[in-house]
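Student: Structure provided below as structure tokens; questions to follow.
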Protein chains: 2
Amino acid sequence: MNYQYYMPTKVIMGEDCILNHSDIFKTLGKRAMLVTGARSAKLNGSASDVTSALEAVGISYIVFDKVMSNPTVACVYEGAALAKENEVDFIIAIGGGSPMDAGKAIALLATQEIEETELFKGKYENKVLPIVAVPTTAGTGSEVTQYSILTNDRAETKMSIASNYIFPAVAFLDARYMAALSHTTLVNTAVDALSHAVEGLLSVRRSFLSDALALESIQYITEALKTIKAMDVPGKITAEMREKLLYASFMAGVVIAQTGTTVVHAMGYALTYFKEVDHGKANGLLMGSYLSLVEKEAPELAAKVLSAMSFTSVAEMNELILPLLGEKIALTEEEIEHYTQKVLKTSNILNCTVKPEKKDVTDMYVTSLK
Amino acid sequence: MNYQYYMPTKVIMGEDCILNHSDIFKTLGKRAMLVTGARSAKLNGSASDVTSALEAVGISYIVFDKVMSNPTVACVYEGAALAKENEVDFIIAIGGGSPMDAGKAIALLATQEIEETELFKGKYENKVLPIVAVPTTAGTGSEVTQYSILTNDRAETKMSIASNYIFPAVAFLDARYMAALSHTTLVNTAVDALSHAVEGLLSVRRSFLSDALALESIQYITEALKTIKAMDVPGKITAEMREKLLYASFMAGVVIAQTGTTVVHAMGYALTYFKEVDHGKANGLLMGSYLSLVEKEAPELAAKVLSAMSFTSVAEMNELILPLLGEKIALTEEEIEHYTQKVLKTSNILNCTVKPEKKDVTDMYVTSLK
């Protein structure tokens with residue numbers, strides 16, 4: 001058995017955890033840069049908790065609030081330039097996956113010169129600004145991974161910077177920030193977290209440890225999705241369930257930090273890049289098709305995933321998830337051929353325990369979106 | 001839910017993992033000190049793998065091979081003096097819990113002046129030599145914890161240095177080194193690992209994450225103990241089972257890094273200090289009594305532990321474990337009173353979900369050892 005485990009982030013969870021642990025910022029430097037989207041960090045209270053904590057311990061800060069959904073390479077170079085100009089010591093990334101992924105890339109680019117053409121090639125020096133991550137959705141797991149997923153227009157897809165140097169130093173998990181989420185974002189992000197746990201189980205890099213966390217995570221997220229589905233009208237879940245979702249999403253993040261993701265993510269990236277389908281929704285639409293393929297070649301593996309959800313068939317899983325995701329999208333044959341070509345070149349394919357052929361990828365697009 | 005997770009050690013597992021990852025030593029410095037016991041690291045091949053790897057990457061080293069079982073405070077001060085005198089950059093601790101725990105304390109004491117009377121008080125500076133841990137038993141989990149357990153003659157017991165600064169930077173897990181273990185050591189160390197996973201489940205600091213790892217760990221260790229028990233004569237377990245045990249012990253280490261241990265460990269320390277009972281054996285003798293107490297006050301919790309072993313009663317668990325541990329020891333009433341007083345002062349008591357009263361501790365000593 002050849003195996004590696006590494007996840008050095010200090011995770012601190014609980015109501016008011018940022019204010020209660022403001023001392024920790026002092027260990028990271030004297031000047032911070034907040035990296036956020038335009039609005040949500042302000043609306044959900046996370047940004048003001050962070051700035052109050054920084055003020056309490058006498059740390060100055062600047063704000064970079066230009067991170068869009070699916071942040072671009074240009075955006076992170078812009079943020080890095082600002083960080084350099086202001087000589088900040090560390091980065092505090094607040095939000096869903098987009099600001100956290102952008103913050104991690106900014107922390108890298110603020111300390112070393114990397115050409116755009118080299119950004120995804122994996123050659124980085126061990127000097128990156130410390131990163132504090134504050135997730136405000138329960139989905140991405142980015143607060144505990146070494147990945148920064150960016151939109152790369154050169155390659156017409158989303159691509160990963162993957163480096164142990166960009167694991168956040170600290171992650172603060174306060175589920176109160178999730179109270180402001182829309183129903184759609186709550187669902188899509190929960191399905192994203194579910195796809196991480198499921199894909200972790202289906203990865204060739206799975207281990208006893210990642211399996212244990214993935215199964216636990218799948219169980220909690222399924223429970224939450226069942227509760228959400230059972231609501232007559234879209235409403236708010238309980239604070240307790242939000243906390244469980246945030247915890248499950250963190251565990252699923254630890255899983256993919258070890259296992260990587262599979263063809264589901266690779267296929268989803270094309271839908272997001274070309275069709276602007278939300279990332280979690282894209283994964284949710286595609287997951288059932290890949291699980292059906294797995295079922296054919298490794299039925300006991302598919303059964304393990306389904307059993308964690310208390311399901312006995314992929315159809316049951318789809319019945320839970322698909323109605324929550326809203327409208328499907330239509331693809332032309334040419335689009336499917338184009339996306340399939342892109343998917344086959346990704347490293348995610350190598351991660352799959354059940355390796356999809358070209359025909360399988362095409363078929364999965366067709367069956368997922370019909 | 002207030003919760004923290006931290007376990008920054010990079011774990012690398014597999015046959016020949018040290019030689020295959022010798023480059024990693026170069027990131028830690030130019031001069032190393034090996035910390036070992038007198039013999040086992042030489043006999044099981046671990047020390048020569050380490051020195052070959054160091055030579056391959058041009059790192060010089062000295063050896064401190066004076067670590068005894070249940071290492072003393074004096075021993076780690078002696079090792080630290082040697083490390084300082086030779087200006088070593090990092091520590092490589094090889095062996096069971098004793099050399100690893102000693103190595104961690106030496107790494108701390110080599111960089112800061114701490115009086116013996118202050119050693120267990122938790123005030124340390126964030127400057128500790130990097131530590132590489134090479135476990136050669138599957139029991140202690142010390143390779144992934146922030147604990148260094150030392151024999152403190154002033155307090156007449158074993159005590160912990162607990163600090164995030166002494167998490168090893170790297171742990172190399174190569175199960176080949178376990179092939180040389182005696183039957184008794186194999187059993188006692190496996191029972192030690194089992195007690196970590198079980199006590200993690202019984203700790204007030206348990207979490208979904210620690211539970212998931214603990215349950216998985218309990219399952220593998222129980223399977224191994226059943227195999228060992230079924231052997232007609234003491235023999236060798238398979239390489240695959242050794243690897244599973246080493247993995248389970250690592251997972252149980254991650255568990256106690258989060259949860260701490262309970263009254264079982266506290267009671268065991270007295271048996272080890274005063275009666276020289278092996279640490280794992282002591283835990284194994286006592287675990288059933290505490291689980292019986294838990295069963296009375298929190299039956300569903302005890303059932304969870306037992307069910308991970310495929311047992312339905314504490315008696316069944318004891319039937320598996322106790323015969324493997326060999327002879328019990330006899331205590332006088334005075335000894336029990338003396339040990340009970342010591343146990344009640346430990347922080348382990350605070351960790352217990354089911355808090356034992358004085359009478360409970362006394363009763364547990366009596367029933368465990370009769």
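Chain labels A, B, ... are given in the sequence in which chains occur in the structure tokens; within each chain residues are numbered consecutively from 1, and ligands are likewise numbered from 1 in the order shown.
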Could you give me, as a VMD selection string, the residues within 12 Å of Ser307 (chain A), counting only C-alpha atoms and dropping anything in the same chain fewer than 3 positions from it?
Tutor: chain A and resid 198 215 to 216 218 to 219 222 299 to 304 310 to 314 316 to 317
Student: Please, which residues of chain B lie no more than 6 Å from chain A when the count uses only C-alpha atoms, and can they be set out as a list of chain:residue names?
Tutor: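 Residues passing the distance filter: B:Met1, B:Asn2, B:Tyr3, B:Gln4, B:Tyr5, B:Tyr6, B:Met7, B:Pro8, B:Lys10, B:Val11, B:Ile12, B:Met13, B:Gly14, B:Ala212.
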Student: Those selected residues, please, written with C-alpha atoms and delivered as a PDB file, in the first residue's frame.
Tutor:
```pdb
ATOM      1  CA  MET B   1     -20.747  23.061  17.999  1.00  0.00           C
ATOM      2  CA  ASN B   2     -17.301  24.277  19.006  1.00  0.00           C
ATOM      3  CA  TYR B   3     -14.700  22.208  17.304  1.00  0.00           C
ATOM      4  CA  GLN B   4     -11.074  22.258  16.245  1.00  0.00           C
ATOM      5  CA  TYR B   5      -9.112  20.003  13.945  1.00  0.00           C
ATOM      6  CA  TYR B   6      -5.358  20.101  13.504  1.00  0.00           C
ATOM      7  CA  MET B   7      -2.934  17.415  12.397  1.00  0.00           C
ATOM      8  CA  PRO B   8      -0.252  18.913  10.179  1.00  0.00           C
ATOM      9  CA  LYS B  10       2.763  14.682   6.343  1.00  0.00           C
ATOM     10  CA  VAL B  11       2.210  10.931   6.432  1.00  0.00           C
ATOM     11  CA  ILE B  12       3.995   8.797   3.847  1.00  0.00           C
ATOM     12  CA  MET B  13       3.245   5.088   3.866  1.00  0.00           C
ATOM     13  CA  GLY B  14       4.532   2.169   1.844  1.00  0.00           C
ATOM     14  CA  ALA B 212     -15.442   8.048  11.663  1.00  0.00           C
TER      15      ALA B 212
END
```
Student: Residues at most 12 Å from Thr117 (chain A), counting only C-alpha atoms, excluding those fewer than 3 positions away in the same chain, as a list of chain:residue names?
Tutor: A:Val73, A:Glu113, A:Ile114, A:Phe120, A:Lys121, A:Gly122, A:Lys123, A:Asn152, A:Asp153, A:Arg154, A:Ala155
Student: Please provide the set of residues having any atom within 7 Å of Thr111 (chain A), restricted to only C-alpha atoms, with same-chain residues fewer than 4 positions apart removed, written as a PDB file with N, CA and C atoms, in the first residue's frame.
Tutor:
```pdb
ATOM      1  N   LYS A 127       7.277  29.657  -0.948  1.00  0.00           N
ATOM      2  CA  LYS A 127       7.117  30.954  -0.268  1.00  0.00           C
ATOM      3  C   LYS A 127       5.788  31.530  -0.736  1.00  0.00           C
ATOM      4  N   VAL A 128       4.803  31.358   0.082  1.00  0.00           N
ATOM      5  CA  VAL A 128       3.439  31.764  -0.243  1.00  0.00           C
ATOM      6  C   VAL A 128       2.922  32.507   0.984  1.00  0.00           C
ATOM      7  N   LEU A 129       2.161  33.572   0.782  1.00  0.00           N
ATOM      8  CA  LEU A 129       1.595  34.257   1.953  1.00  0.00           C
ATOM      9  C   LEU A 129       0.679  33.292   2.700  1.00  0.00           C
TER      10      LEU A 129
END
```
Student: Would you mind listing what lies within 9 Å of region 286-288 of chain A as a count of residues only, with only C-alpha atoms counted and same-chain residues fewer than 4 positions away left out?
Tutor: 20
Student: So how many Å separate CA of Met241 (chain B) and CA of Asn20 (chain B), to one decimal?
Tutor: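 Spanning CA of Met241 (chain B) to CA of Asn20 (chain B) is a straight-line distance of 22.3 Å.
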Student: Report as a PyMOL selection string: the residues of region 89-300 of chain A with a DSSP assignment of strand (DSSP E or B), based on the backbone of this structure.
Tutor: chain A and resi 90-95+131-135+147-152+157-162+170-173+203
Student: How would the residues just picked look written out with C-alpha atoms as a CSV table (one decimal), in the first residue's frame?
Tutor:
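Dumped to again.csv:
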```
chain,number,residue,atom,x,y,z
A,90,PHE,CA,-1.3,37.4,4.7
A,91,ILE,CA,-4.5,36.8,2.9
A,92,ILE,CA,-8.0,36.3,4.4
A,93,ALA,CA,-10.3,34.8,1.8
A,94,ILE,CA,-14.0,35.0,2.6
A,95,GLY,CA,-16.8,33.5,0.7
A,131,ILE,CA,-3.9,32.1,4.0
A,132,VAL,CA,-6.9,32.3,6.3
A,133,ALA,CA,-10.1,30.8,4.8
A,134,VAL,CA,-13.6,31.7,5.9
A,135,PRO,CA,-16.2,29.6,4.0
A,147,TYR,CA,-6.4,23.5,-4.9
A,148,SER,CA,-7.2,26.8,-6.5
A,149,ILE,CA,-9.7,26.3,-9.4
A,150,LEU,CA,-9.6,29.2,-11.9
A,151,THR,CA,-11.2,29.9,-15.2
A,152,ASN,CA,-8.5,29.7,-17.8
A,157,THR,CA,-12.0,25.6,-19.2
A,158,LYS,CA,-11.5,25.7,-15.4
A,159,MET,CA,-8.1,24.5,-14.3
A,160,SER,CA,-6.4,23.8,-11.0
A,161,ILE,CA,-3.4,25.1,-9.3
A,162,ALA,CA,-2.5,22.2,-7.0
A,170,VAL,CA,-6.4,28.5,9.3
A,171,ALA,CA,-10.0,27.9,8.4
A,172,PHE,CA,-12.8,29.5,10.4
A,173,LEU,CA,-16.1,27.7,10.1
A,203,SER,CA,-11.1,7.7,-6.9
```
Student: Tell me which of B:Val35, B:Lys66, B:Ala41, B:Ser142 sits closest to Ala107 (chain B), counting only C-alpha atoms.
Tutor: B:Val35
Student: Leaving out Thr362 (chain A) and any residue of its chain fewer than 3 positions from it, which residues lie within 9 Å of it when counting only C-alpha atoms, given as a list of chain:residue names?
Tutor: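 Neighbouring residues, sequence-local ones excluded: A:Ile336, A:Glu337, A:Tyr339, A:Thr340, A:Glu357, A:Lys358, A:Lys359, A:Tyr365, A:Val366, A:Thr367.
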Student: Of the residues A:Val254, A:Thr72, A:Ala239, A:Ala230, which is the one nearest to Val144 (chain A), using only C-alpha atoms?
Tutor: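 Selected residue with least distance to Val144 (chain A): A:Val254.
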Student: Quick one: distance from CA of Asn283 (chain B) to CA of Ile221 (chain B) in Å, one decimal?
Tutor: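 These atoms are spaced 14.6 Å apart.
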Student: Would you please work out which residue, of B:Ala190, B:Met33, B:Val204, B:Val343, is nearest to Leu324 (chain B) when using only C-alpha atoms?
Tutor: B:Ala190
Student: Skip Leu109 (chain B) itself and residues of its chain fewer than 3 positions away, then list as a PyMOL selection string all residues within 10 Å of it, counting only C-alpha atoms.
Tutor: chain B and resi 76-81+83-84+103-106+112-115+119+124+127-129
Student: Quick one: of A:Val277, A:Val57, A:Ile24, A:Ala193, who's nearest to Ser249 (chain A), counting only C-alpha atoms?
Tutor: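 Counting only C-alpha atoms, the residue closest to Ser249 (chain A) is A:Ala193.
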Student: Work out how far apart CA of Gln146 (chain B) and CA of Asn348 (chain B) are and give it in Å to one decimal.
Tutor: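 Computing the Euclidean distance for CA of Gln146 (chain B) and CA of Asn348 (chain B) yields 15.3 Å.
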Student: For Leu325 (chain A), which of A:Ile228, A:Leu82, A:Leu350, A:Ala197 is the closest residue, counting only C-alpha atoms?
Tutor: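 Residue with the minimum atom-to-atom distance to Leu325 (chain A): A:Ile228.
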Student: As a PyMOL selection string, list the residues of region 9-189 of chain A assigned to alpha helix (DSSP H) by DSSP on the backbone atoms of this structure.
Tutor: chain A and resi 17-20+23-26+40-43+46-56+73-85+97-109+183-189
